[in-house]
Amino acid sequence: MSGHRALVVEDDPDIRHLLVTVLEDIGIAVVAAGTGAEAVAVARANAPDLITLDLTLPDADGTDVCRELRGFTDAYIVMITGRDSEIDRLVGLEVGADEYLAKPFSPRELRARAVALLRRPRAGADQQQSGSVAPQGQEVLQVGDLRIDAGAGHVRLGDDVVLLTPTEV
């Protein structure tokens with residue numbers, strides 16, 4: 001896991017220390033924040049690959065912080081919180097979390113989830129020269145003036161739109 005960066009967002013110093021230790025033990029460079037405002041600032045400054053996010057912060061609700069983070073980062077977000085009702089998990093995933101762990105959590109499970117997430121290619125990862133990934137994860141292939149947006153079903157040749165049949169779309 002060397003070369004990866006993580007941000008731990010947790011207001012409880014003991015839990016924050018545990019999270020930092022678990023992630024550092026697998027070779028991830030970790031920075032920490034205790035408030036939502038600090039989390040956003042640290043994430044902007046450090047461009048983490050992984051963020052653990054508590055939902056109950058002293059200055060903000062974690063779901064609002066998650067929404068704000070999603071506005072500028074494609075880092076994997078693992079919500080770690082005492083809220084474990086189904087609705088809380090669904091809302092957390094809906095606002096952009098990739099994983100959701102309820103407290104008390106197993107450090108081994110956090111370690112396994114972090115490793116699994118960091119093995120996956122992120123949306124912003126470099127693609128082959130012949131194509132790239134659009135922000136929504138849709139494949140876009142460009143060769144010379146020909147641009148094919150497979151996810152949207154659009155083809156352009158230079159500035160001209162190429163009309164497709166329903167079968168071709």
# chains A, B, ... in the order shown; residues from 1 in each chain; ligands from 1
call {"tool": "select_by_dssp", "arguments": {"residues": "range 7-157 of chain A", "states": "strand (DSSP E)", "output": "PyMOL selection string"}}
result
chain A and resi 7-9+29-33+50-53+76-81+99-102+131-133+139-143+146-149+154-157
call {"tool": "residues_around", "arguments": {"residues": "Asp160 in chain A", "least_positions_apart": "4", "cutoff": "10 Å", "atoms": "only C-alpha atoms", "output": "count of residues only"}}
result
4
call {"tool": "atom_distance", "arguments": {"atom1": "CA of Val115 in chain A", "atom2": "CA of Cys66 in chain A"}}
result
20.7 Å
call {"tool": "atom_distance", "arguments": {"atom1": "CA of Asp61 in chain A", "atom2": "CA of Gly36 in chain A"}}
result
7.7 Å
call {"tool": "atom_distance", "arguments": {"atom1": "CA of Leu7 in chain A", "atom2": "CA of Ala32 in chain A"}}
result
5.4 Å
call {"tool": "residues_around", "arguments": {"residues": "range 68-73 of chain A", "least_positions_apart": "4", "cutoff": "9 Å", "atoms": "only C-alpha atoms", "output": "VMD selection string"}}
result
chain A and resid 39 to 40 43 to 44 47 to 49 63 to 64 95 to 97
call {"tool": "write_last_selection", "arguments": {"atoms": "N, CA, C and O atoms", "output": "CSV table (one decimal), in the first residue's frame"}}
result
chain,number,residue,atom,x,y,z
A,39,ALA,N,-11.4,18.8,7.9
A,39,ALA,CA,-11.3,17.7,6.9
A,39,ALA,C,-11.3,18.2,5.5
A,39,ALA,O,-10.5,17.7,4.7
A,40,VAL,N,-12.2,19.1,5.1
A,40,VAL,CA,-12.2,19.6,3.8
A,40,VAL,C,-10.9,20.3,3.4
A,40,VAL,O,-10.4,20.1,2.3
A,43,ALA,N,-8.2,17.7,3.0
A,43,ALA,CA,-8.4,16.9,1.8
A,43,ALA,C,-7.9,17.7,0.6
A,43,ALA,O,-7.3,17.2,-0.3
A,44,ARG,N,-8.3,19.0,0.5
A,44,ARG,CA,-7.9,19.8,-0.6
A,44,ARG,C,-6.4,20.0,-0.7
A,44,ARG,O,-5.8,19.9,-1.8
A,47,ALA,N,-4.8,15.7,-1.1
A,47,ALA,CA,-5.3,14.8,-2.2
A,47,ALA,C,-5.2,13.4,-1.8
A,47,ALA,O,-4.5,12.6,-2.4
A,48,PRO,N,-6.0,13.0,-0.7
A,48,PRO,CA,-5.9,11.6,-0.2
A,48,PRO,C,-6.5,10.6,-1.2
A,48,PRO,O,-7.4,11.0,-2.0
A,49,ASP,N,-6.1,9.4,-1.1
A,49,ASP,CA,-6.6,8.3,-1.9
A,49,ASP,C,-7.8,7.6,-1.2
A,49,ASP,O,-8.7,7.0,-1.8
A,63,THR,N,-22.5,13.6,6.6
A,63,THR,CA,-23.1,13.5,5.3
A,63,THR,C,-22.9,14.8,4.5
A,63,THR,O,-22.6,14.7,3.3
A,64,ASP,N,-23.0,15.9,5.2
A,64,ASP,CA,-22.7,17.2,4.5
A,64,ASP,C,-21.2,17.3,4.1
A,64,ASP,O,-20.9,17.8,3.0
A,95,VAL,N,-24.9,9.7,-0.5
A,95,VAL,CA,-24.1,10.9,-0.6
A,95,VAL,C,-22.7,10.8,-1.1
A,95,VAL,O,-22.0,11.8,-1.2
A,96,GLY,N,-22.3,9.5,-1.3
A,96,GLY,CA,-20.9,9.3,-1.9
A,96,GLY,C,-20.0,8.4,-1.2
A,96,GLY,O,-18.9,8.2,-1.6
A,97,ALA,N,-20.4,7.8,-0.1
A,97,ALA,CA,-19.5,6.9,0.6
A,97,ALA,C,-19.3,5.6,-0.2
A,97,ALA,O,-20.3,5.2,-0.9
call {"tool": "closest_residue", "arguments": {"among": "A:Val140, A:Val9, A:Leu50, A:Val162", "to": "Arg119 in chain A", "atoms": "only C-alpha atoms"}}
result
A:Leu50
call {"tool": "select_by_dssp", "arguments": {"residues": "range 43-162 of chain A", "states": "alpha helix (DSSP H)", "output": "MDAnalysis selection string"}}
result
chainID A and resid 43:46 62:70 86:94 107:119
call {"tool": "residues_around", "arguments": {"residues": "range 21-27 of chain A", "least_positions_apart": "5", "cutoff": "9 Å", "atoms": "only C-alpha atoms", "output": "ChimeraX atom specification"}}
result
/A:1-4,6,16,107-108,110-111,114-115
call {"tool": "residues_around", "arguments": {"residues": "Val91 in chain A", "least_positions_apart": "3", "cutoff": "12 Å", "atoms": "only C-alpha atoms", "output": "ChimeraX atom specification"}}
result
/A:55,62-64,66-67,79,83-88,94-100
call {"tool": "write_last_selection", "arguments": {"atoms": "C-alpha atoms", "output": "PDB file, in the first residue's frame"}}
result
ATOM      1  CA  LEU A  55     -20.686  11.158  10.698  1.00  0.00           C
ATOM      2  CA  GLY A  62     -20.639  13.886   8.180  1.00  0.00           C
ATOM      3  CA  THR A  63     -23.107  13.495   5.311  1.00  0.00           C
ATOM      4  CA  ASP A  64     -22.700  17.198   4.496  1.00  0.00           C
ATOM      5  CA  CYS A  66     -19.110  13.810   2.389  1.00  0.00           C
ATOM      6  CA  ARG A  67     -21.145  15.770  -0.174  1.00  0.00           C
ATOM      7  CA  MET A  79     -17.894   6.196   6.795  1.00  0.00           C
ATOM      8  CA  ARG A  83     -25.160   5.347  13.500  1.00  0.00           C
ATOM      9  CA  ASP A  84     -25.948   1.901  12.174  1.00  0.00           C
ATOM     10  CA  SER A  85     -29.603   1.977  11.149  1.00  0.00           C
ATOM     11  CA  GLU A  86     -30.404   0.965   7.592  1.00  0.00           C
ATOM     12  CA  ILE A  87     -31.488   4.504   6.695  1.00  0.00           C
ATOM     13  CA  ASP A  88     -28.159   5.936   7.942  1.00  0.00           C
ATOM     14  CA  GLU A  94     -26.174   7.794  -1.426  1.00  0.00           C
ATOM     15  CA  VAL A  95     -24.149  10.942  -0.636  1.00  0.00           C
ATOM     16  CA  GLY A  96     -20.945   9.349  -1.878  1.00  0.00           C
ATOM     17  CA  ALA A  97     -19.469   6.903   0.628  1.00  0.00           C
ATOM     18  CA  ASP A  98     -17.903   3.756  -0.823  1.00  0.00           C
ATOM     19  CA  GLU A  99     -18.098   1.771   2.412  1.00  0.00           C
ATOM     20  CA  TYR A 100     -19.896   2.088   5.737  1.00  0.00           C
TER      21      TYR A 100
END
call {"tool": "closest_residue", "arguments": {"among": "A:Leu118, A:Val65, A:Ala75, A:Ala60", "to": "Ile28 in chain A", "atoms": "only C-alpha atoms"}}
result
A:Leu118
call {"tool": "residues_around", "arguments": {"residues": "range 101-105 of chain A", "least_positions_apart": "6", "cutoff": "10 Å", "atoms": "only C-alpha atoms", "output": "MDAnalysis selection string"}}
result
chainID A and resid 15 52:54 78:85 89 113
